[in-house]
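Participant: Okay, so here is entry_22.cif, and as you'll see once you scroll down, it has mmCIF, C-alpha atoms.
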data_target
loop_
_atom_site.group_PDB
_atom_site.id
_atom_site.type_symbol
_atom_site.label_atom_id
_atom_site.label_comp_id
_atom_site.auth_asym_id
_atom_site.auth_seq_id
_atom_site.Cartn_x
_atom_site.Cartn_y
_atom_site.Cartn_z
ATOM 1 C CA MET A 23 -60.916 10.035 -4.159
ATOM 2 C CA GLU A 24 -57.188 10.119 -4.691
ATOM 3 C CA ASP A 25 -55.534 12.996 -2.919
ATOM 4 C CA PRO A 26 -53.883 15.196 -5.561
ATOM 5 C CA SER A 27 -51.156 16.347 -3.196
ATOM 6 C CA LYS A 28 -50.087 12.849 -2.277
ATOM 7 C CA PHE A 29 -46.660 12.505 -0.796
ATOM 8 C CA GLU A 30 -44.257 11.054 -3.283
ATOM 9 C CA ARG A 31 -40.781 9.968 -2.610
ATOM 10 C CA TYR A 32 -38.042 9.692 -5.206
ATOM 11 C CA VAL A 33 -34.914 7.787 -4.449
ATOM 12 C CA TYR A 34 -31.919 8.142 -6.717
ATOM 13 C CA LYS A 35 -29.229 5.559 -6.404
ATOM 14 C CA ASN A 36 -25.764 6.363 -7.694
ATOM 15 C CA ALA A 37 -27.126 9.536 -9.181
ATOM 16 C CA SER A 38 -23.768 11.236 -9.364
ATOM 17 C CA VAL A 39 -20.167 10.155 -9.757
ATOM 18 C CA TYR A 40 -19.056 13.054 -7.563
ATOM 19 C CA HIS A 41 -19.577 14.081 -4.020
ATOM 20 C CA TYR A 42 -19.387 17.688 -2.962
ATOM 21 C CA MET A 43 -18.141 18.708 0.451
ATOM 22 C CA LYS A 44 -18.435 22.063 2.093
ATOM 23 C CA ILE A 45 -15.618 22.421 4.584
ATOM 24 C CA SER A 46 -14.236 25.146 6.773
ATOM 25 C CA LEU A 47 -10.823 25.520 8.314
ATOM 26 C CA VAL A 48 -10.658 26.541 11.954
ATOM 27 C CA LEU A 49 -7.337 27.909 13.179
ATOM 28 C CA GLU A 50 -6.379 28.172 16.806
ATOM 29 C CA ASP A 51 -5.630 31.913 16.887
ATOM 30 C CA GLY A 52 -8.314 33.317 14.663
ATOM 31 C CA ASN A 53 -8.146 33.855 10.951
ATOM 32 C CA LYS A 54 -5.053 34.000 8.873
ATOM 33 C CA TYR A 55 -4.448 34.932 5.281
ATOM 34 C CA ILE A 56 -4.470 31.652 3.397
ATOM 35 C CA THR A 57 -4.668 31.593 -0.368
ATOM 36 C CA ASP A 58 -6.628 28.998 -2.286
ATOM 37 C CA ALA A 59 -3.432 27.276 -3.384
ATOM 38 C CA GLN A 60 -2.196 27.036 0.193
ATOM 39 C CA PHE A 61 -5.582 25.714 1.247
ATOM 40 C CA LYS A 62 -5.464 22.909 -1.280
ATOM 41 C CA GLN A 63 -1.810 22.212 -0.508
ATOM 42 C CA LEU A 64 -2.732 21.775 3.143
ATOM 43 C CA ILE A 65 -5.348 19.173 2.242
ATOM 44 C CA ILE A 66 -2.917 17.361 -0.064
ATOM 45 C CA CYS A 67 -0.299 17.291 2.703
ATOM 46 C CA GLY A 68 -2.840 15.789 5.078
ATOM 47 C CA LEU A 69 -3.720 13.140 2.520
ATOM 48 C CA LYS A 70 -0.066 12.299 1.899
ATOM 49 C CA ASP A 71 0.612 11.960 5.626
ATOM 50 C CA LEU A 72 -2.223 9.540 6.137
ATOM 51 C CA TYR A 73 -2.292 7.563 2.895
ATOM 52 C CA GLY A 74 1.171 8.089 1.408
ATOM 53 C CA GLU A 75 2.087 8.824 -2.175
ATOM 54 C CA VAL A 76 0.148 5.952 -3.672
ATOM 55 C CA GLY A 77 -2.905 6.175 -1.464
ATOM 56 C CA ALA A 78 -3.293 9.920 -1.946
ATOM 57 C CA SER A 79 -3.147 9.779 -5.725
ATOM 58 C CA PHE A 80 -6.762 10.445 -6.523
ATOM 59 C CA PRO A 81 -8.184 13.610 -8.025
ATOM 60 C CA PHE A 82 -10.203 16.181 -6.138
ATOM 61 C CA ASP A 83 -10.971 19.802 -6.854
ATOM 62 C CA LEU A 84 -11.409 22.935 -4.844
ATOM 63 C CA LEU A 85 -14.363 24.473 -6.639
ATOM 64 C CA LYS A 86 -14.942 27.524 -4.535
ATOM 65 C CA TYR A 87 -12.989 29.158 -1.766
ATOM 66 C CA ASP A 88 -13.773 32.022 0.532
ATOM 67 C CA GLN A 89 -10.611 33.588 1.942
ATOM 68 C CA ASN A 90 -12.355 35.572 4.627
ATOM 69 C CA LYS A 91 -14.294 32.732 6.172
ATOM 70 C CA LEU A 92 -11.785 30.007 5.212
ATOM 71 C CA THR A 93 -14.523 27.865 3.767
ATOM 72 C CA GLY A 94 -14.426 25.951 0.527
ATOM 73 C CA ILE A 95 -16.312 23.479 -1.599
ATOM 74 C CA LEU A 96 -14.533 20.320 -2.669
ATOM 75 C CA ARG A 97 -15.524 17.985 -5.456
ATOM 76 C CA VAL A 98 -14.291 14.420 -5.240
ATOM 77 C CA TYR A 99 -15.087 11.136 -6.938
ATOM 78 C CA ASN A 100 -17.201 8.792 -4.837
ATOM 79 C CA SER A 101 -14.325 6.323 -4.549
ATOM 80 C CA GLY A 102 -12.119 8.932 -2.889
ATOM 81 C CA LEU A 103 -14.694 10.401 -0.533
ATOM 82 C CA VAL A 104 -13.890 8.246 2.478
ATOM 83 C CA LYS A 105 -10.164 8.792 2.109
ATOM 84 C CA LEU A 106 -10.524 12.530 1.706
ATOM 85 C CA TRP A 107 -12.901 12.826 4.624
ATOM 86 C CA SER A 108 -10.713 10.783 6.959
ATOM 87 C CA ALA A 109 -7.635 12.759 5.955
ATOM 88 C CA LEU A 110 -9.473 16.022 6.667
ATOM 89 C CA THR A 111 -10.530 14.733 10.061
ATOM 90 C CA LEU A 112 -7.052 13.659 11.079
ATOM 91 C CA LEU A 113 -5.344 16.823 9.881
ATOM 92 C CA GLY A 114 -4.272 18.715 12.966
ATOM 93 C CA SER A 115 -1.745 21.430 12.255
ATOM 94 C CA TYR A 116 -0.990 24.183 9.779
ATOM 95 C CA GLN A 117 2.496 25.733 9.977
ATOM 96 C CA ASN A 118 2.995 24.354 13.491
ATOM 97 C CA GLU A 119 -0.277 25.749 14.640
ATOM 98 C CA ALA A 120 -3.246 23.678 15.713
ATOM 99 C CA CYS A 121 -6.080 23.662 13.240
ATOM 100 C CA ALA A 122 -9.113 21.597 12.351
ATOM 101 C CA PHE A 123 -11.330 21.018 9.362
ATOM 102 C CA ARG A 124 -15.048 21.120 9.950
ATOM 103 C CA VAL A 125 -17.077 19.260 7.381
ATOM 104 C CA LEU A 126 -20.235 21.336 7.130
ATOM 105 C CA GLN A 127 -22.169 19.577 4.402
ATOM 106 C CA VAL A 128 -21.699 16.603 2.117
ATOM 107 C CA SER A 129 -23.938 15.869 -0.821
ATOM 108 C CA PRO A 130 -23.881 14.233 -4.242
ATOM 109 C CA PHE A 131 -25.629 17.327 -5.610
ATOM 110 C CA LEU A 132 -23.904 20.670 -5.760
ATOM 111 C CA LEU A 133 -27.239 22.458 -5.537
ATOM 112 C CA ALA A 134 -27.825 21.045 -2.085
ATOM 113 C CA LEU A 135 -24.869 23.037 -0.776
ATOM 114 C CA SER A 136 -26.508 26.329 -1.746
ATOM 115 C CA GLY A 137 -28.480 26.375 1.489
ATOM 116 C CA ASN A 138 -27.978 24.836 4.861
ATOM 117 C CA SER A 139 -31.048 23.990 6.902
ATOM 118 C CA ARG A 140 -29.023 24.281 10.094
ATOM 119 C CA GLU A 141 -28.314 27.922 9.454
ATOM 120 C CA LEU A 142 -31.818 28.901 8.453
ATOM 121 C CA GLN A 143 -32.934 32.314 9.650
ATOM 122 C CA PHE A 144 -36.700 32.331 9.913
ATOM 123 C CA GLY A 145 -38.724 35.328 8.841
ATOM 124 C CA ASP A 146 -40.306 38.046 10.964
ATOM 125 C CA GLN A 147 -43.595 36.218 11.384
ATOM 126 C CA LEU A 148 -41.885 33.615 13.545
ATOM 127 C CA THR A 149 -39.648 35.848 15.589
ATOM 128 C CA LEU A 150 -42.434 38.216 16.474
ATOM 129 C CA MET B 28 -12.360 -23.121 14.070
ATOM 130 C CA VAL B 29 -11.439 -19.549 13.529
ATOM 131 C CA ARG B 30 -8.007 -18.346 12.652
ATOM 132 C CA PHE B 31 -6.258 -15.400 11.144
ATOM 133 C CA LYS B 32 -5.806 -16.052 7.467
ATOM 134 C CA SER B 33 -2.559 -14.994 5.910
ATOM 135 C CA ARG B 34 -0.978 -14.546 2.557
ATOM 136 C CA TYR B 35 2.635 -15.429 1.988
ATOM 137 C CA LEU B 36 4.593 -13.454 -0.578
ATOM 138 C CA LEU B 37 7.440 -15.471 -1.997
ATOM 139 C CA CYS B 38 10.021 -13.057 -3.369
ATOM 140 C CA GLU B 39 13.524 -13.222 -4.679
ATOM 141 C CA VAL B 40 16.060 -10.491 -4.056
ATOM 142 C CA CYS B 41 17.825 -9.531 -7.275
ATOM 143 C CA VAL B 42 21.231 -7.922 -6.768
ATOM 144 C CA PRO B 43 24.000 -7.168 -9.265
ATOM 145 C CA ASP B 44 26.615 -8.975 -7.212
ATOM 146 C CA ARG B 45 25.520 -12.265 -5.680
ATOM 147 C CA SER B 46 28.175 -12.251 -2.985
ATOM 148 C CA SER B 47 26.472 -9.308 -1.305
ATOM 149 C CA LEU B 48 23.500 -11.552 -0.555
ATOM 150 C CA GLN B 49 25.467 -13.313 2.168
ATOM 151 C CA LEU B 50 25.220 -10.307 4.453
ATOM 152 C CA LEU B 51 21.433 -10.157 4.189
ATOM 153 C CA GLU B 52 19.385 -10.303 7.369
ATOM 154 C CA ASP B 53 15.660 -10.606 7.818
ATOM 155 C CA ARG B 54 15.748 -7.497 10.002
ATOM 156 C CA THR B 55 17.120 -5.504 7.050
ATOM 157 C CA ILE B 56 14.342 -6.681 4.749
ATOM 158 C CA TYR B 57 11.723 -5.930 7.385
ATOM 159 C CA ASN B 58 12.935 -2.387 8.007
ATOM 160 C CA THR B 59 13.325 -1.594 4.313
ATOM 161 C CA LEU B 60 9.860 -2.910 3.582
ATOM 162 C CA ARG B 61 8.422 -0.896 6.427
ATOM 163 C CA ALA B 62 9.996 2.275 5.073
ATOM 164 C CA ALA B 63 8.680 1.508 1.595
ATOM 165 C CA VAL B 64 5.155 0.880 2.886
ATOM 166 C CA ASN B 65 5.279 4.070 4.909
ATOM 167 C CA ARG B 66 6.320 6.063 1.872
ATOM 168 C CA ALA B 67 3.787 4.540 -0.486
ATOM 169 C CA HIS B 68 0.822 4.239 1.860
ATOM 170 C CA GLY B 69 1.511 6.630 4.709
ATOM 171 C CA ASP B 70 0.447 6.194 8.318
ATOM 172 C CA TYR B 71 -2.466 4.024 7.262
ATOM 173 C CA GLY B 72 -0.121 1.599 5.520
ATOM 174 C CA SER B 73 2.282 1.592 8.459
ATOM 175 C CA ALA B 74 -0.523 0.692 10.820
ATOM 176 C CA LEU B 75 -1.553 -2.227 8.632
ATOM 177 C CA PHE B 76 2.084 -3.242 8.307
ATOM 178 C CA ASN B 77 2.505 -3.400 12.063
ATOM 179 C CA ILE B 78 -0.180 -6.054 12.412
ATOM 180 C CA GLY B 79 0.721 -9.376 10.963
ATOM 181 C CA VAL B 80 3.649 -8.634 8.676
ATOM 182 C CA ILE B 81 6.745 -10.667 9.414
ATOM 183 C CA VAL B 82 9.676 -11.980 7.402
ATOM 184 C CA LYS B 83 9.159 -15.721 7.859
ATOM 185 C CA TYR B 84 12.075 -17.095 5.910
ATOM 186 C CA LEU B 85 15.194 -15.732 4.317
ATOM 187 C CA ASN B 86 17.711 -17.740 2.388
ATOM 188 C CA ALA B 87 20.873 -15.700 2.217
ATOM 189 C CA HIS B 88 22.441 -18.055 -0.362
ATOM 190 C CA THR B 89 19.690 -17.886 -2.947
ATOM 191 C CA GLY B 90 18.080 -14.605 -1.947
ATOM 192 C CA VAL B 91 14.625 -16.083 -1.418
ATOM 193 C CA VAL B 92 12.392 -14.253 1.042
ATOM 194 C CA LEU B 93 9.033 -15.297 2.431
ATOM 195 C CA ILE B 94 6.932 -12.485 3.833
ATOM 196 C CA ARG B 95 3.752 -13.123 5.745
ATOM 197 C CA SER B 96 0.907 -10.637 5.722
ATOM 198 C CA ARG B 97 -2.734 -10.590 6.734
ATOM 199 C CA LYS B 98 -4.984 -11.715 3.909
ATOM 200 C CA LYS B 99 -7.135 -8.624 4.186
ATOM 201 C CA HIS B 100 -4.487 -6.202 3.035
ATOM 202 C CA TYR B 101 -1.712 -8.171 1.399
ATOM 203 C CA ARG B 102 -2.145 -6.198 -1.814
ATOM 204 C CA LEU B 103 -1.052 -3.064 -0.017
ATOM 205 C CA ILE B 104 2.181 -4.719 1.135
ATOM 206 C CA TRP B 105 2.634 -6.277 -2.286
ATOM 207 C CA SER B 106 2.373 -2.935 -4.060
ATOM 208 C CA ALA B 107 5.032 -1.447 -1.804
ATOM 209 C CA LEU B 108 7.491 -4.219 -2.734
ATOM 210 C CA SER B 109 8.049 -2.630 -6.128
ATOM 211 C CA PHE B 110 9.298 0.579 -4.539
ATOM 212 C CA ILE B 111 12.271 -1.048 -2.861
ATOM 213 C CA THR B 112 15.406 -0.159 -4.788
ATOM 214 C CA CYS B 113 18.174 -0.662 -2.284
ATOM 215 C CA LEU B 114 18.879 -2.613 0.876
ATOM 216 C CA GLU B 115 21.223 -1.494 3.587
ATOM 217 C CA ASN B 116 23.591 -4.289 4.545
ATOM 218 C CA ARG B 117 25.607 -3.542 7.670
ATOM 219 C CA GLY B 118 26.181 0.049 6.694
ATOM 220 C CA GLN B 119 26.681 -0.440 2.967
ATOM 221 C CA LYS B 120 23.895 0.114 0.499
ATOM 222 C CA VAL B 121 23.181 -2.513 -2.114
ATOM 223 C CA GLN B 122 21.124 -1.790 -5.207
ATOM 224 C CA CYS B 123 18.424 -4.408 -5.602
ATOM 225 C CA PHE B 124 14.830 -5.123 -6.445
ATOM 226 C CA LEU B 125 12.392 -7.649 -5.086
ATOM 227 C CA ASN B 126 10.785 -9.947 -7.599
ATOM 228 C CA CYS B 127 7.573 -11.499 -6.339
ATOM 229 C CA LEU B 128 7.452 -15.081 -7.582
ATOM 230 C CA HIS B 129 4.353 -16.429 -5.912
ATOM 231 C CA VAL B 130 1.542 -15.508 -3.568
ATOM 232 C CA GLY B 131 0.296 -18.395 -1.492
ATOM 233 C CA GLY B 132 -2.067 -19.079 1.357
ATOM 234 C CA THR B 133 0.258 -21.340 3.300
ATOM 235 C CA ILE B 134 3.979 -21.804 3.684
ATOM 236 C CA ARG B 135 3.520 -25.307 2.303
ATOM 237 C CA THR B 136 2.190 -24.179 -1.069
ATOM 238 C CA CYS B 137 4.960 -21.585 -1.307
ATOM 239 C CA GLN B 138 7.528 -24.284 -0.622
ATOM 240 C CA LYS B 139 6.034 -26.538 -3.262
ATOM 241 C CA PHE B 140 6.088 -23.708 -5.750
ATOM 242 C CA LEU B 141 9.694 -22.895 -4.914
ATOM 243 C CA VAL B 142 10.782 -26.471 -5.580
ATOM 244 C CA LYS B 143 8.933 -26.453 -8.901
ATOM 245 C CA TYR B 144 10.294 -23.058 -9.824
ATOM 246 C CA ASN B 145 13.884 -23.987 -9.089
ATOM 247 C CA ARG B 146 13.512 -27.162 -11.118
ATOM 248 C CA GLN B 147 12.238 -25.131 -14.054
ATOM 249 C CA GLN B 148 15.132 -22.709 -13.749
ATOM 250 C CA LEU B 149 17.541 -25.629 -13.804
ATOM 251 C CA HIS B 150 15.954 -27.024 -16.962
ATOM 252 C CA ARG B 151 16.337 -23.630 -18.560
ATOM 253 C CA MET B 152 19.981 -23.373 -17.615
ATOM 254 C CA LEU B 153 21.150 -26.859 -18.576
ATOM 255 C CA PRO B 154 20.964 -26.286 -22.353
ATOM 256 C CA ASP B 155 23.196 -23.234 -21.904
ATOM 257 C CA CYS B 156 26.125 -25.374 -20.838
ATOM 258 C CA LYS B 157 28.954 -24.923 -23.303
ATOM 259 C CA THR B 158 30.969 -28.050 -22.683
ATOM 260 C CA ASP B 159 30.282 -31.577 -21.549
ATOM 261 C CA ALA B 160 32.450 -31.000 -18.519
ATOM 262 C CA GLU B 161 30.089 -28.281 -17.348
ATOM 263 C CA LYS B 162 27.094 -30.551 -17.776
ATOM 264 C CA GLN B 163 28.788 -33.310 -15.868
ATOM 265 C CA GLU B 164 29.661 -30.890 -13.115
ATOM 266 C CA VAL B 165 26.029 -29.797 -12.815
ATOM 267 C CA ARG B 166 24.754 -33.384 -12.837
ATOM 268 C CA ARG B 167 27.237 -34.352 -10.177
ATOM 269 C CA ALA B 168 26.203 -31.408 -8.029
ATOM 270 C CA ILE B 169 22.517 -32.248 -8.345
ATOM 271 C CA LEU B 170 23.059 -35.878 -7.498
ATOM 272 C CA SER B 171 25.238 -35.118 -4.523
ATOM 273 C CA CYS B 172 22.776 -32.747 -2.929
ATOM 274 C CA SER B 173 19.657 -34.777 -3.662
ATOM 275 C CA LEU B 174 21.154 -37.919 -2.156
ATOM 276 C CA SER B 175 22.517 -36.290 0.975
ATOM 277 C CA ASN B 176 19.401 -34.288 1.691
ATOM 278 C CA VAL B 177 16.787 -36.730 0.527
ATOM 279 C CA ARG B 178 14.844 -36.578 3.784
ATOM 280 C CA GLU B 179 15.032 -32.843 4.180
ATOM 281 C CA GLU B 180 12.896 -31.457 1.399
ATOM 282 C CA GLU B 181 13.671 -27.854 2.117
ATOM 283 C CA ALA B 182 17.391 -28.408 2.215
ATOM 284 C CA GLY B 183 17.136 -30.245 -1.101
ATOM 285 C CA GLU B 184 15.390 -27.334 -2.697
ATOM 286 C CA ASP B 185 18.094 -24.964 -1.483
ATOM 287 C CA GLY B 186 20.757 -27.254 -2.858
ATOM 288 C CA SER B 187 19.187 -27.441 -6.289
ATOM 289 C CA ASP B 188 19.061 -23.685 -6.433
ATOM 290 C CA ASP B 189 22.702 -23.485 -5.479
ATOM 291 C CA ASP B 190 23.479 -25.600 -8.491
ATOM 292 C CA GLY B 191 21.729 -23.120 -10.671
ATOM 293 C CA ASP B 192 23.886 -20.378 -9.237
ATOM 294 C CA LYS B 193 27.062 -22.252 -9.981
ATOM 295 C CA GLU B 194 25.877 -22.605 -13.524
ATOM 296 C CA THR B 195 25.549 -18.886 -13.942
#
Would you mind giving the structure from this file in structure tokens?

Facilitator:
Amino acid sequence: MEDPSKFERYVYKNASVYHYMKISLVLEDGNKYITDAQFKQLIICGLKDLYGEVGASFPFDLLKYDQNKLTGILRVYNSGLVKLWSALTLLGSYQNEACAFRVLQVSPFLLALSGNSRELQFGDQLTL
Amino acid sequence: MVRFKSRYLLCEVCVPDRSSLQLLEDRTIYNTLRAAVNRAHGDYGSALFNIGVIVKYLNAHTGVVLIRSRKKHYRLIWSALSFITCLENRGQKVQCFLNCLHVGGTIRTCQKFLVKYNRQQLHRMLPDCKTDAEKQEVRRAILSCSLSNVREEEAGEDGSDDDGDKET
């Protein structure tokens, strides 16, 4: 009587103390060679501009960084997520050159950043 | 009735040389505080500072300052107070720090606290008098100011604080 494959929904509340963000840096004139340290320094500068020395004093980490694509994964405590995100949004220049941060994915689980449903490439059976 | 609620920060300016207090202006305090907020809290802090923060009252004799701020973010302004180390008085820099005495919801409560506080300070200072002449001098000063300014409560409170200064 009961359907074995019944839809079940699990909701986790406050499952993680961290949030993970996948971000990419877009520069006005194409790519540039930016090291991981420079990348993080740029984010810290943006935070300091917007929130000052006191407001920007919360920890966040650059877990992974791809120099070729200028993308990185940030880990930040939940309490600092809004500040970090707003600082990324309002950051507008790198070495007097217009730039922008695109926030690609945000999740409390690092595993969720392994794939992006928006960039899915479907198999041959669909394209044919 | 809807109104903007405020918090009033009652602070005293502590300087090494009391005579330098005479040159103090509310504009100086305002600009210094704005710089401190900008440094500690960035553009976000500056934006909050620009709405609602005003130096309501400054007593250049006693160094008492009353700063009004919106209730929503008075803690942000309060935290920046500690980072003020010097005030610029007409071109010359004066080392100082701001000591926050009281945080109140209205000017009235701040005024009441100030009267109480100054009275306490006076009680603390009286036993330090070395000679009877000093005590008499203080008593005379208190009596003179309280009688002349009996109607003006605020003036009376300033006078009593002046007495404390003479004592030191």

Participant: Residues picked by the PyMOL selection byres ((chain B) within 12 of (chain A)) here, as a VMD selection string?

Facilitator: chain B and resid 62 to 75 103 to 104 106 to 107 109 to 110

Participant: Is it possible to get the residues within 12 Å of (-19.1, 16.3, -5.9) (coordinates as in the file, counting only C-alpha atoms) written as a ChimeraX atom specification?

Facilitator: /A:37-44,81-85,95-103,127-135

Participant: Name the residues captured by the PyMOL selection byres ((chain B and resi 130) around 8) when it is applied to the shown file; answer as a list in words.

Facilitator: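 Here the PyMOL selection byres ((chain B and resi 130) around 8) matches Arg34, Tyr35, Leu36, Leu37, Cys127, Leu128, His129, Gly131, Gly132 and Cys137 of chain B.
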
Participant: If the box runs along x, y and z of the file and leaves 4 Å on each side of range 159-167 of chain B, what are its centre and edge lengths in Å, one decimal, as lines of an AutoDock Vina configuration file?

Facilitator:
center_x = 28.6
center_y = -31.3
center_z = -15.9
size_x = 15.7
size_y = 14.1
size_z = 19.4

Participant: Assuming the chain letters and numbering stay as they are in my file, what does the PyMOL selection byres ((chain A and resi 92) around 10) actually select? List them as an NGL selection string.

Facilitator: :A and (45-49 or 53-58 or 61 or 87-91 or 93-94 or 123)

Participant: Which distance in Å separates CA of Ala120 in chain A and CA of Asp51 in chain A, to one decimal?

Facilitator: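 Answer for the CA of Ala120 in chain A to CA of Asp51 in chain A separation: 8.7 Å.
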
Participant: What gap, in Å, lies between CA of Thr136 in chain B and CA of Asp44 in chain B?

Facilitator: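 Here the two named atoms are 29.4 Å from each other.
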
Participant: Using only C-alpha atoms, find the one residue out of B:Leu51, B:Ile169, B:Leu108, B:Leu153 that sits nearest to Val91 in chain B.

Facilitator: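 Of B:Leu51, B:Ile169, B:Leu108, B:Leu153, the one nearest Val91 in chain B is B:Leu51, counting only C-alpha atoms.
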
Participant: By how many Å are CA of Ser47 in chain B and CA of Asn86 in chain B apart?

Facilitator: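 Those two atoms sit 12.7 Å apart.
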
Participant: Rank nothing, just name the residue among B:Ile94, B:Leu170, B:Ile111, B:Met152 nearest to Ser33 in chain B, using only C-alpha atoms.

Facilitator: B:Ile94

Participant: Measuring atom to atom with all atoms listed in the file, identify which of B:Leu141, B:Arg166, B:Lys32, B:Tyr84 is nearest to Tyr101 in chain B.

Facilitator: B:Lys32

Participant: Can you work out which one of B:Val40, B:Ser171, B:Arg151, B:Lys157 has the shortest atom-to-atom distance to Leu125 in chain B, counting only C-alpha atoms?

Facilitator: B:Val40
